$ cat protein-v8.json   # JSON, C-alpha atoms
[["chain", "number", "residue", "atom", "x", "y", "z"],
["X", 1, "MET", "CA", -0.48, 51.08, -7.79],
["X", 2, "THR", "CA", 2.06, 53.85, -8.11],
["X", 3, "SER", "CA", 3.51, 55.83, -10.98],
["X", 4, "ARG", "CA", 7.21, 55.21, -10.67],
["X", 5, "PRO", "CA", 9.86, 57.69, -11.76],
["X", 6, "PRO", "CA", 13.12, 56.48, -13.30],
["X", 7, "THR", "CA", 14.79, 53.97, -10.97],
["X", 8, "LYS", "CA", 17.29, 55.60, -8.66],
["X", 9, "LYS", "CA", 17.65, 55.70, -4.94],
["X", 10, "PHE", "CA", 18.20, 59.39, -4.29],
["X", 11, "GLU", "CA", 17.35, 62.76, -5.74],
["X", 12, "GLU", "CA", 20.08, 64.22, -7.94],
["X", 13, "TYR", "CA", 18.65, 67.71, -8.25],
["X", 14, "ALA", "CA", 16.43, 69.82, -6.04],
["X", 15, "TYR", "CA", 14.74, 73.20, -6.31],
["X", 16, "VAL", "CA", 15.18, 75.86, -3.63],
["X", 17, "LEU", "CA", 12.07, 76.63, -1.59],
["X", 18, "ASP", "CA", 13.70, 78.86, 1.05],
["X", 19, "HIS", "CA", 17.18, 79.85, 2.25],
["X", 20, "LEU", "CA", 17.72, 80.52, 5.96],
["X", 21, "PRO", "CA", 21.31, 81.84, 6.29],
["X", 22, "ARG", "CA", 21.03, 81.92, 10.11],
["X", 23, "GLY", "CA", 19.07, 78.71, 10.53],
["X", 24, "TYR", "CA", 15.55, 78.45, 11.87],
["X", 25, "PRO", "CA", 14.35, 81.52, 13.83],
["X", 26, "GLU", "CA", 12.84, 79.28, 16.52],
["X", 27, "ASP", "CA", 16.23, 77.65, 17.14],
["X", 28, "THR", "CA", 17.42, 79.45, 20.29],
["X", 29, "ARG", "CA", 20.99, 78.14, 20.24],
["X", 30, "PRO", "CA", 23.84, 80.62, 19.77],
["X", 31, "ILE", "CA", 24.34, 81.56, 16.12],
["X", 32, "PHE", "CA", 27.73, 79.81, 15.93],
["X", 33, "LYS", "CA", 26.02, 76.50, 16.75],
["X", 34, "LYS", "CA", 23.34, 76.82, 14.07],
["X", 35, "ASP", "CA", 23.73, 75.64, 10.47],
["X", 36, "PRO", "CA", 22.43, 77.76, 7.65],
["X", 37, "ILE", "CA", 19.59, 75.85, 6.02],
["X", 38, "VAL", "CA", 18.12, 75.48, 2.56],
["X", 39, "GLN", "CA", 14.68, 73.92, 2.25],
["X", 40, "ALA", "CA", 14.19, 72.29, -1.13],
["X", 41, "VAL", "CA", 12.10, 69.79, -3.08],
["X", 42, "GLY", "CA", 13.62, 66.98, -5.15],
["X", 43, "ASP", "CA", 12.91, 66.93, -8.87],
["X", 44, "THR", "CA", 12.06, 63.22, -9.23],
["X", 45, "TYR", "CA", 10.40, 61.93, -6.05],
["X", 46, "PHE", "CA", 9.30, 65.40, -4.85],
["X", 47, "THR", "CA", 11.17, 64.69, -1.61],
["X", 48, "LEU", "CA", 11.12, 67.61, 0.83],
["X", 49, "LEU", "CA", 14.68, 68.15, 1.99],
["X", 50, "GLU", "CA", 16.71, 70.11, 4.48],
["X", 51, "LEU", "CA", 20.12, 70.95, 3.04],
["X", 52, "VAL", "CA", 23.24, 72.53, 4.56],
["X", 53, "PRO", "CA", 24.87, 74.91, 2.07],
["X", 54, "ARG", "CA", 28.57, 75.52, 1.55],
["X", 55, "LYS", "CA", 29.98, 78.59, 3.25],
["X", 56, "GLY", "CA", 29.17, 81.76, 1.36],
["X", 57, "ALA", "CA", 26.76, 80.11, -1.07],
["X", 58, "ARG", "CA", 23.83, 82.23, -2.20],
["X", 59, "PHE", "CA", 20.47, 81.01, -3.44],
["X", 60, "SER", "CA", 17.47, 82.28, -5.35],
["X", 61, "PRO", "CA", 13.89, 81.01, -4.95],
["X", 62, "GLN", "CA", 13.11, 78.12, -7.35],
["X", 63, "GLU", "CA", 16.79, 77.75, -8.25],
["X", 64, "PRO", "CA", 17.78, 74.22, -9.34],
["X", 65, "ILE", "CA", 20.77, 72.85, -7.40],
["X", 66, "PHE", "CA", 22.75, 69.65, -7.73],
["X", 67, "ILE", "CA", 22.67, 67.46, -4.60],
["X", 68, "GLY", "CA", 24.05, 64.19, -5.98],
["X", 69, "ARG", "CA", 27.25, 62.46, -4.90],
["X", 70, "ASP", "CA", 29.72, 64.44, -6.96],
["X", 71, "ARG", "CA", 30.51, 68.02, -8.00],
["X", 72, "ARG", "CA", 28.24, 69.73, -5.50],
["X", 73, "ASP", "CA", 29.18, 73.37, -5.82],
["X", 74, "LYS", "CA", 26.68, 74.98, -3.42],
["X", 75, "ILE", "CA", 25.50, 72.24, -1.06],
["X", 76, "ASP", "CA", 27.71, 70.73, 1.64],
["X", 77, "HIS", "CA", 25.37, 67.90, 2.56],
["X", 78, "VAL", "CA", 21.80, 66.69, 2.72],
["X", 79, "LYS", "CA", 20.81, 66.93, 6.36],
["X", 80, "ARG", "CA", 17.47, 65.09, 6.33],
["X", 81, "ARG", "CA", 14.12, 64.56, 4.71],
["X", 82, "ILE", "CA", 11.41, 66.72, 6.22],
["X", 83, "THR", "CA", 7.62, 66.87, 6.26],
["X", 84, "PHE", "CA", 5.36, 69.60, 4.92],
["X", 85, "ASP", "CA", 4.64, 71.00, 8.39],
["X", 86, "ILE", "CA", 8.34, 71.88, 8.84],
["X", 87, "LEU", "CA", 8.40, 74.07, 5.74],
["X", 88, "THR", "CA", 8.58, 77.81, 6.28],
["X", 89, "ALA", "CA", 5.79, 80.08, 5.04],
["X", 90, "THR", "CA", 8.03, 81.11, 2.15],
["X", 91, "ALA", "CA", 8.74, 77.48, 1.23],
["X", 92, "ARG", "CA", 5.05, 76.62, 1.27],
["X", 93, "SER", "CA", 4.21, 79.51, -1.03],
["X", 94, "GLU", "CA", 6.93, 78.49, -3.53],
["X", 95, "LEU", "CA", 6.12, 74.78, -3.53],
["X", 96, "PRO", "CA", 3.07, 74.78, -5.89],
["X", 97, "PHE", "CA", 4.94, 76.77, -8.54],
["X", 98, "ILE", "CA", 7.91, 74.40, -8.48],
["X", 99, "ILE", "CA", 5.70, 71.30, -8.54],
["X", 100, "GLU", "CA", 3.90, 72.68, -11.59],
["X", 101, "LYS", "CA", 7.24, 73.30, -13.31],
["X", 102, "LEU", "CA", 8.44, 69.76, -12.52],
["X", 103, "VAL", "CA", 5.21, 68.18, -13.75],
["X", 104, "GLU", "CA", 5.52, 70.09, -17.02],
["X", 105, "LYS", "CA", 9.14, 68.95, -17.38],
["X", 106, "SER", "CA", 8.20, 65.29, -16.83],
["X", 107, "GLU", "CA", 4.92, 65.26, -18.76],
["X", 108, "PRO", "CA", 5.53, 61.79, -20.33],
["X", 109, "ARG", "CA", 5.83, 60.24, -16.85],
["X", 110, "PHE", "CA", 2.40, 61.51, -15.84],
["X", 111, "VAL", "CA", 0.76, 60.75, -19.16],
["X", 112, "ASP", "CA", 2.09, 57.22, -18.64],
["X", 113, "PHE", "CA", 0.20, 57.13, -15.35],
["X", 114, "PHE", "CA", -3.09, 57.78, -17.18],
["X", 115, "ASN", "CA", -2.20, 55.02, -19.64],
["X", 116, "ASN", "CA", -1.14, 52.38, -17.10],
["X", 117, "ALA", "CA", -2.84, 53.12, -13.77],
["X", 118, "ARG", "CA", -4.35, 50.00, -12.19],
["X", 119, "PRO", "CA", -6.93, 49.24, -9.48],
["X", 120, "LEU", "CA", -5.86, 49.67, -5.87],
["X", 121, "THR", "CA", -8.57, 47.39, -4.53],
["X", 122, "THR", "CA", -11.63, 45.64, -5.92],
["X", 123, "ARG", "CA", -13.60, 48.81, -5.21],
["X", 124, "MET", "CA", -11.14, 51.60, -5.95],
["X", 125, "HIS", "CA", -8.99, 52.45, -8.95],
["X", 126, "SER", "CA", -5.82, 54.51, -8.58],
["X", 127, "LEU", "CA", -7.23, 57.01, -11.09],
["X", 128, "GLU", "CA", -9.89, 57.85, -8.51],
["X", 129, "LEU", "CA", -7.21, 59.26, -6.23],
["X", 130, "LEU", "CA", -6.77, 62.17, -8.62],
["X", 131, "PRO", "CA", -8.78, 65.20, -7.47],
["X", 132, "GLY", "CA", -12.12, 65.49, -9.25],
["X", 133, "ILE", "CA", -12.07, 62.02, -10.81],
["X", 134, "GLY", "CA", -14.93, 59.77, -9.79],
["X", 135, "LYS", "CA", -16.28, 56.54, -11.24],
["X", 136, "LYS", "CA", -17.74, 58.12, -14.38],
["X", 137, "LEU", "CA", -14.53, 59.90, -15.37],
["X", 138, "MET", "CA", -12.47, 56.85, -14.46],
["X", 139, "TRP", "CA", -14.45, 54.68, -16.91],
["X", 140, "ASP", "CA", -14.17, 57.42, -19.51],
["X", 141, "ILE", "CA", -10.37, 57.36, -19.19],
["X", 142, "LEU", "CA", -10.20, 53.56, -19.28],
["X", 143, "GLU", "CA", -12.35, 53.43, -22.39],
["X", 144, "GLU", "CA", -10.31, 56.04, -24.24],
["X", 145, "ARG", "CA", -6.95, 54.47, -23.41],
["X", 146, "ARG", "CA", -8.24, 51.11, -24.72],
["X", 147, "LYS", "CA", -8.74, 52.77, -28.10],
["X", 148, "ALA", "CA", -5.23, 54.27, -28.09],
["X", 149, "PRO", "CA", -2.70, 55.36, -25.46],
["X", 150, "PHE", "CA", -2.74, 59.01, -24.48],
["X", 151, "THR", "CA", 0.19, 60.96, -25.88],
["X", 152, "SER", "CA", 0.12, 64.24, -23.94],
["X", 153, "PHE", "CA", -1.84, 66.30, -21.42],
["X", 154, "GLN", "CA", -3.54, 68.00, -24.36],
["X", 155, "ASP", "CA", -4.53, 64.62, -25.79],
["X", 156, "ILE", "CA", -6.06, 63.64, -22.44],
["X", 157, "ALA", "CA", -8.00, 66.92, -22.31],
["X", 158, "GLU", "CA", -9.30, 66.48, -25.87],
["X", 159, "ARG", "CA", -10.39, 62.86, -25.48],
["X", 160, "THR", "CA", -11.88, 62.94, -21.97],
["X", 161, "GLN", "CA", -13.81, 65.36, -19.79],
["X", 162, "ILE", "CA", -10.64, 66.26, -17.88],
["X", 163, "ARG", "CA", -9.91, 69.83, -18.90],
["X", 164, "ALA", "CA", -6.73, 70.39, -16.89],
["X", 165, "PRO", "CA", -4.82, 67.12, -16.36],
["X", 166, "LYS", "CA", -1.60, 68.88, -15.39],
["X", 167, "GLU", "CA", -3.33, 70.84, -12.62],
["X", 168, "ILE", "CA", -4.94, 67.64, -11.32],
["X", 169, "ILE", "CA", -1.52, 65.98, -11.05],
["X", 170, "VAL", "CA", -0.08, 69.03, -9.27],
["X", 171, "LYS", "CA", -2.95, 68.98, -6.76],
["X", 172, "ARG", "CA", -2.44, 65.27, -6.11],
["X", 173, "ILE", "CA", 1.27, 65.71, -5.47],
["X", 174, "LEU", "CA", 0.57, 68.53, -3.00],
["X", 175, "ILE", "CA", -1.99, 66.31, -1.22],
["X", 176, "GLU", "CA", 0.64, 63.58, -0.88],
["X", 177, "LEU", "CA", 3.30, 65.99, 0.39],
["X", 178, "GLY", "CA", 0.85, 67.24, 2.99],
["X", 179, "ALA", "CA", 0.29, 63.63, 4.12],
["X", 180, "GLU", "CA", -3.45, 64.04, 3.53],
["X", 181, "ASP", "CA", -3.88, 60.54, 2.09],
["X", 182, "LYS", "CA", -2.49, 57.10, 2.90],
["X", 183, "TYR", "CA", -1.73, 56.37, -0.76],
["X", 184, "ASN", "CA", 1.30, 57.75, -2.60],
["X", 185, "LEU", "CA", 1.06, 57.72, -6.37],
["X", 186, "PHE", "CA", 3.91, 60.07, -7.21],
["X", 187, "THR", "CA", 5.93, 60.79, -4.06],
["X", 188, "ARG", "CA", 7.93, 58.98, -1.39],
["X", 189, "LYS", "CA", 6.35, 58.56, 2.03],
["X", 190, "PRO", "CA", 7.43, 61.56, 4.13],
["X", 191, "ILE", "CA", 9.65, 60.88, 7.15],
["X", 192, "VAL", "CA", 11.27, 63.04, 9.77],
["X", 193, "GLU", "CA", 14.22, 60.86, 10.74],
["X", 194, "LYS", "CA", 17.65, 62.23, 9.94],
["X", 195, "GLU", "CA", 19.25, 60.61, 6.92],
["X", 196, "GLN", "CA", 22.92, 59.97, 6.31],
["X", 197, "ASP", "CA", 24.60, 62.09, 3.69],
["X", 198, "ARG", "CA", 25.64, 60.34, 0.51],
["X", 199, "SER", "CA", 29.13, 61.79, 0.21]]
$ encode --input "protein-v8.json" --output "structure tokens"
Amino acid sequence: MTSRPPTKKFEEYAYVLDHLPRGYPEDTRPIFKKDPIVQAVGDTYFTLLELVPRKGARFSPQEPIFIGRDRRDKIDHVKRRITFDILTATARSELPFIIEKLVEKSEPRFVDFFNNARPLTTRMHSLELLPGIGKKLMWDILEERRKAPFTSFQDIAERTQIRAPKEIIVKRILIELGAEDKYNLFTRKPIVEKEQDRS
């Protein structure tokens, strides 16, 4: 069972993780054959992306940028989806801060997960995939949401033994982006194949 973001096929906005004006250092091709690169994370599916910027565009860490079909002012095209292991050291260090910001921005989506999460199998509930939640806490959550739906992270913290629900969600998203688990509750399955641009 997954927590689904609003229905749409592609990310519309992404947040800058790293800007490589001369491309990847390990790329030994002549500079004129290398694209400048922006590594970013999408704001809905947390998709890790490799973007090619427009000529002369400048970027700041954690900057939100539009990558949808129209009115791109700084991005020329989306080159491909990438996996966590391709991220630069800078991108990896920025990622947790951006994920936390995105979880805060979409709090109702994640509260909805606590309210509607279902069993994955006869022996495992999707709530148990959240770091630190075992059988006892799972039953605690299920009992409380039967009484009344949760309304916020604070409400979850006050009515259960989960003291930091936002941090738990952030940790789970990072686990999924690192491909450390076969289940994806909040993200798209990572791939390395090049994707076609949407322009």
$ atom_distance --input "protein-v8.json" --atom1 "atom CA of Glu158 of chain X" --atom2 "atom CA of Ile175 of chain X"
25.7 Å
$ closest_residue --input "protein-v8.json" --among "X:Glu107, X:Asp85, X:Glu144, X:Glu26" --to "Ala179 of chain X" --atoms "all atoms listed in the file"
X:Asp85
$ closest_residue --input "protein-v8.json" --among "X:Lys34, X:Lys135, X:Arg69, X:Lys55" --to "Glu12 of chain X" --atoms "all atoms listed in the file"
X:Arg69
$ atom_distance --input "protein-v8.json" --atom1 "atom CA of Glu143 of chain X" --atom2 "atom CA of Phe186 of chain X"
23.2 Å
$ atom_distance --input "protein-v8.json" --atom1 "atom CA of Arg54 of chain X" --atom2 "atom CA of Arg71 of chain X"
12.3 Å
$ closest_residue --input "protein-v8.json" --among "X:Gly134, X:Pro36, X:Gly42, X:Pro30" --to "Thr187 of chain X" --atoms "all atoms listed in the file"
X:Gly42
$ closest_residue --input "protein-v8.json" --among "X:Arg145, X:Arg92, X:Arg80, X:Arg159" --to "Val16 of chain X" --atoms "all atoms listed in the file"
X:Arg92
$ closest_residue --input "protein-v8.json" --among "X:Phe150, X:Asp27, X:Gln62, X:Glu128" --to "Leu95 of chain X" --atoms "all atoms listed in the file"
X:Gln62
$ closest_residue --input "protein-v8.json" --among "X:Phe97, X:Phe84, X:Phe10, X:Phe153" --to "Asn115 of chain X" --atoms "all atoms listed in the file"
X:Phe153
$ residues_around --input "protein-v8.json" --residues "Ile37 of chain X" --least-positions-apart "3" --cutoff "7 Å" --atoms "only C-alpha atoms" --output "VMD selection string"
chain X and resid 19 to 21 23 50 to 53
